[in-house]
Amino acid sequence: MTAMAQTEISTTAALKYALTLRRELAARNAAFAAHSGAPHVTSFGGCPVTVYEPYENGQKHGNFLDRSYSAILDKVEWRKRLEKVHSHASRALPRAARPWRELDSCNSSDALLMNVFCFPEILERSDLRGLLGIENGALPEFGFKAHVPLVNGTDRTEVDMKLGSLLLESKLTESDFQTQLKLVVERYRDFKAVFDSRLLPVAGERYVSYQLIRNVLAAHATGSSFCVLLDARRPDLLEAWYAIMRCILVSDLRLRCKVLTWQELAEALPTELQAFLDLKYGIVLPGMRASAIDVEGGSQSI
């Protein structure tokens with residue numbers, strides 16, 4: 001089987017897994033929104049998505065756990081992250097007085113990330129720090145701009161979150177890790193020193209999983225560790241990460257790269273967060289069954 005044919009099969013599988021998870025999140029959030037009474041709308045299209053908006057007083061938001069959202073509002077740097085524009089709002093969502101934001105969507109991996117890591121005192125949990133391999137006192141920086149050297153200049157790559165010496169890429173329903181032209185990727189100064197380009201997955205004249213390549217280069221440039229955080233229901237994304245990781249030539253850097261699932265992370269979280277992740281995302285501890293969904297009745301139960 002050619003590399004191109006293998007890539008086509010992987011792409012088909014990725015779309016299937018992504019669509020299956022989107023459908024589950026759509027059902028869960030239809031029930032969650034009806035049960036909670038949170039202000040929301042439903043997107044247009046074949047797989048309607050629940051998109052939330054802040055309550056009238058601005059102190060609550062249906063896409064966020066109350067305690068996490070309060071912490072976000074109290075910290076200017078975190079609050080700015082809420083302003084990311086929803087790129088498909090004009091064609092996918094009804095008009096509203098307030099512009100739609102990316103983190104309003106129930107499919108937003110950034111919203112999921114902030115729900116967890118903005119939860120009060122979450123990083124005081126030693127088991128969570130041990131799982132992530134981070135030092136005590138680390139604070140989340142969302143949308144961290146890593147300066148990755150190019151042959152000429154610098155690329156201010158945006159990483160989903162920086163936590164002490166850890167860079168973290170968060171994924172949920174995204175189809176893949178994006179592709180990029182070989183000519184563009186090979187402009188990174190350390191590309192050939194870090195990767196065996198002969199083994200990297202390609203699609204024609206493009207490298208597959210460009211975000212991962214770029215973030216590994218960011219970890220190399222900053223001396224950081226790098227973790228991909230994804231859903232256990234997305235084995236396609238896990239396979240894509242391993243396809244990149246095995247091409248890393250720098251042994252020390254390879255050891256600083258890892259992957260965690262949201263389900264594994266849930267084991268180190270407080271029960272309030274675990275219950276929220278179960279109801280809204282179907283994320284439960286490994287080996288456990290997620291709560292049932294009753295969309296028509298507008299209710300859920302654990």
# chains A, B, ... in the order shown; residues from 1 in each chain; ligands from 1
$ residues_around --residues "Arg129 of chain A" --least-positions-apart "4" --cutoff "12 Å" --atoms "only C-alpha atoms" --output "list in words"
Phe117, Glu121, Ile122, Leu123, Glu124, Arg125, Gly133, Ile134, Glu135, Asn136, Gly137, Ala138, Leu139, Leu163, Gly164, Ser165, Leu166, Leu265, Ala268 and Leu269 of chain A
$ select_by_dssp --residues "segment 81-184 of chain A" --states "strand (DSSP E)" --output "ChimeraX atom specification"
/A:140-149,154-163,166-170,179-181
$ select_by_dssp --residues "segment 87-195 of chain A" --states "helix (DSSP H, G or I)" --output "PyMOL selection string"
chain A and resi 89-92+102-104+109-117+122-124+126-132+182-185+191-194
$ write_last_selection --atoms "N, CA and C atoms" --output "short mmCIF file (atom, residue, chain, number, x, y, z; two decimals), in the first residue's frame"
data_model
loop_
_atom_site.label_atom_id
_atom_site.label_comp_id
_atom_site.auth_asym_id
_atom_site.auth_seq_id
_atom_site.Cartn_x
_atom_site.Cartn_y
_atom_site.Cartn_z
N ALA A 89 -19.57 31.63 12.26
CA ALA A 89 -20.84 32.15 12.80
C ALA A 89 -21.76 32.72 11.73
N SER A 90 -21.22 33.43 10.75
CA SER A 90 -22.05 34.12 9.76
C SER A 90 -22.90 33.16 8.93
N ARG A 91 -22.41 31.96 8.69
CA ARG A 91 -23.18 31.01 7.88
C ARG A 91 -23.77 29.85 8.68
N ALA A 92 -23.34 29.68 9.94
CA ALA A 92 -23.79 28.51 10.70
C ALA A 92 -24.71 28.85 11.87
N GLU A 102 -15.81 31.61 19.59
CA GLU A 102 -15.43 30.21 19.39
C GLU A 102 -15.71 29.36 20.62
N LEU A 103 -15.45 29.93 21.81
CA LEU A 103 -15.61 29.16 23.04
C LEU A 103 -17.07 29.05 23.49
N ASP A 104 -18.00 29.60 22.70
CA ASP A 104 -19.43 29.41 22.97
C ASP A 104 -19.88 28.02 22.53
N SER A 109 -12.68 22.71 22.00
CA SER A 109 -11.68 22.06 22.85
C SER A 109 -11.03 23.08 23.78
N ASP A 110 -10.97 24.34 23.38
CA ASP A 110 -10.42 25.39 24.25
C ASP A 110 -11.33 25.62 25.46
N ALA A 111 -12.65 25.58 25.24
CA ALA A 111 -13.59 25.74 26.36
C ALA A 111 -13.44 24.57 27.33
N LEU A 112 -13.29 23.38 26.80
CA LEU A 112 -13.08 22.20 27.65
C LEU A 112 -11.80 22.35 28.45
N LEU A 113 -10.75 22.81 27.79
CA LEU A 113 -9.45 23.00 28.45
C LEU A 113 -9.57 24.00 29.60
N MET A 114 -10.27 25.11 29.36
CA MET A 114 -10.40 26.14 30.38
C MET A 114 -11.34 25.71 31.51
N ASN A 115 -12.36 24.94 31.18
CA ASN A 115 -13.23 24.42 32.24
C ASN A 115 -12.43 23.63 33.27
N VAL A 116 -11.45 22.87 32.78
CA VAL A 116 -10.65 22.03 33.67
C VAL A 116 -9.58 22.84 34.38
N PHE A 117 -8.78 23.58 33.62
CA PHE A 117 -7.58 24.18 34.21
C PHE A 117 -7.81 25.54 34.84
N ILE A 122 -7.23 23.80 41.18
CA ILE A 122 -7.07 22.52 40.49
C ILE A 122 -5.61 22.05 40.47
N LEU A 123 -4.69 23.00 40.33
CA LEU A 123 -3.29 22.62 40.22
C LEU A 123 -2.61 22.43 41.57
N GLU A 124 -3.39 22.53 42.63
CA GLU A 124 -2.87 22.17 43.94
C GLU A 124 -2.95 20.66 44.17
N SER A 126 -1.73 17.21 43.78
CA SER A 126 -0.43 16.62 43.46
C SER A 126 -0.55 15.49 42.43
N ASP A 127 -1.68 14.75 42.45
CA ASP A 127 -1.84 13.67 41.49
C ASP A 127 -1.98 14.21 40.07
N LEU A 128 -2.62 15.36 39.92
CA LEU A 128 -2.75 15.98 38.60
C LEU A 128 -1.40 16.50 38.12
N ARG A 129 -0.67 17.17 39.01
CA ARG A 129 0.65 17.66 38.63
C ARG A 129 1.58 16.51 38.23
N GLY A 130 1.49 15.41 38.96
CA GLY A 130 2.31 14.26 38.64
C GLY A 130 1.95 13.66 37.29
N LEU A 131 0.67 13.63 36.99
CA LEU A 131 0.22 13.09 35.70
C LEU A 131 0.73 13.93 34.54
N LEU A 132 0.74 15.25 34.73
CA LEU A 132 1.20 16.16 33.68
C LEU A 132 2.71 16.34 33.68
N LYS A 182 5.01 21.44 2.13
CA LYS A 182 6.36 21.05 2.53
C LYS A 182 7.30 22.25 2.54
N LEU A 183 7.16 23.12 1.53
CA LEU A 183 8.04 24.28 1.45
C LEU A 183 7.92 25.18 2.68
N VAL A 184 6.71 25.28 3.21
CA VAL A 184 6.48 26.11 4.39
C VAL A 184 7.08 25.45 5.63
N VAL A 185 6.83 24.17 5.82
CA VAL A 185 7.33 23.46 6.99
C VAL A 185 8.85 23.42 7.00
N PHE A 191 14.01 22.08 11.61
CA PHE A 191 13.18 21.00 11.10
C PHE A 191 13.98 19.73 10.79
N LYS A 192 15.07 19.87 10.02
CA LYS A 192 15.84 18.69 9.61
C LYS A 192 16.63 18.09 10.76
N ALA A 193 16.95 18.90 11.76
CA ALA A 193 17.69 18.38 12.92
C ALA A 193 16.76 17.62 13.87
N VAL A 194 15.48 18.01 13.89
CA VAL A 194 14.53 17.41 14.83
C VAL A 194 13.80 16.21 14.23
#
$ closest_atom_pairs --of "segment 141-237 of chain A" --to "segment 241-253 of chain A" --cutoff "7 Å" --atoms "only C-alpha atoms" --output "Markdown table"
| residue | atom | partner | partner_atom | distance |
| --- | --- | --- | --- | --- |
| A:Val194 | CA | A:Leu249 | CA | 5.3 |
| A:Phe195 | CA | A:Ile248 | CA | 4.7 |
| A:Asp196 | CA | A:Cys247 | CA | 5.3 |
| A:Leu199 | CA | A:Cys247 | CA | 6.1 |
| A:Leu200 | CA | A:Cys247 | CA | 6.3 |
| A:His220 | CA | A:Leu253 | CA | 6.6 |
| A:Leu237 | CA | A:Trp241 | CA | 6.2 |
$ write_last_selection --atoms "C-alpha atoms" --output "compact mmCIF listing (two decimals), in the first residue's frame"
# COMPACT_ATOMS: atom_id res chain seq x y z
CA VAL A 194 14.53 17.41 14.83
CA PHE A 195 12.65 15.20 12.33
CA ASP A 196 13.43 12.40 9.92
CA LEU A 199 9.26 9.09 7.56
CA LEU A 200 6.84 11.96 8.18
CA HIS A 220 12.60 21.99 21.11
CA LEU A 237 -5.79 11.41 16.52
$ residues_around --residues "Gly287 of chain A" --least-positions-apart "2" --cutoff "12 Å" --atoms "only C-alpha atoms" --output "PyMOL selection string"
chain A and resi 232+263-264+267+283-285+289-290
$ residues_around --residues "Tyr207 of chain A" --least-positions-apart "5" --cutoff "7 Å" --atoms "only C-alpha atoms" --output "JSON, numbers by chain"
{"A": [179, 180, 181, 182, 201, 202]}
$ write_last_selection --atoms "C-alpha atoms" --output "compact mmCIF listing (two decimals), in the first residue's frame"
# COMPACT_ATOMS: atom_id res chain seq x y z
CA THR A 179 -1.68 19.93 6.81
CA GLN A 180 0.86 22.38 5.42
CA LEU A 181 2.95 22.71 2.27
CA LYS A 182 6.36 21.05 2.53
CA PRO A 201 3.32 11.31 6.80
CA VAL A 202 2.54 13.29 3.66
$ residues_around --residues "Thr11 of chain A" --least-positions-apart "5" --cutoff "9 Å" --atoms "only C-alpha atoms" --output "list in words"
Gln6, Lys16, Ser175, Asp176 and Asp236 of chain A
$ residues_around --residues "Arg214 of chain A" --least-positions-apart "3" --cutoff "9 Å" --atoms "only C-alpha atoms" --output "list in words"
Val148, Thr157, Val185, Tyr188, Ser209, Tyr210, Gln211, Leu217, Ala218 and Ala219 of chain A
$ closest_residue --among "A:Leu277, A:Ala221, A:Ala146, A:Leu168" --to "Cys106 of chain A" --atoms "only C-alpha atoms"
A:Leu277
$ closest_residue --among "A:Ala34, A:Ala97, A:Leu19, A:Leu82" --to "Gly143 of chain A" --atoms "only C-alpha atoms"
A:Leu82
$ atom_distance --atom1 "atom CA of Arg234 of chain A" --atom2 "atom CA of Ser36 of chain A"
27.8 Å
$ atom_distance --atom1 "atom CA of Tyr17 of chain A" --atom2 "atom CA of Thr271 of chain A"
27.9 Å
$ residues_around --residues "Lys75 of chain A" --least-positions-apart "2" --cutoff "12 Å" --atoms "only C-alpha atoms" --output "ChimeraX atom specification"
/A:68-73,77-82,118,120,139-142
$ atom_distance --atom1 "atom CA of Ser108 of chain A" --atom2 "atom CA of Tyr52 of chain A"
11.0 Å
$ closest_residue --among "A:Ser170, A:Asn63, A:Asn57, A:Asn215" --to "Thr261 of chain A" --atoms "only C-alpha atoms"
A:Ser170
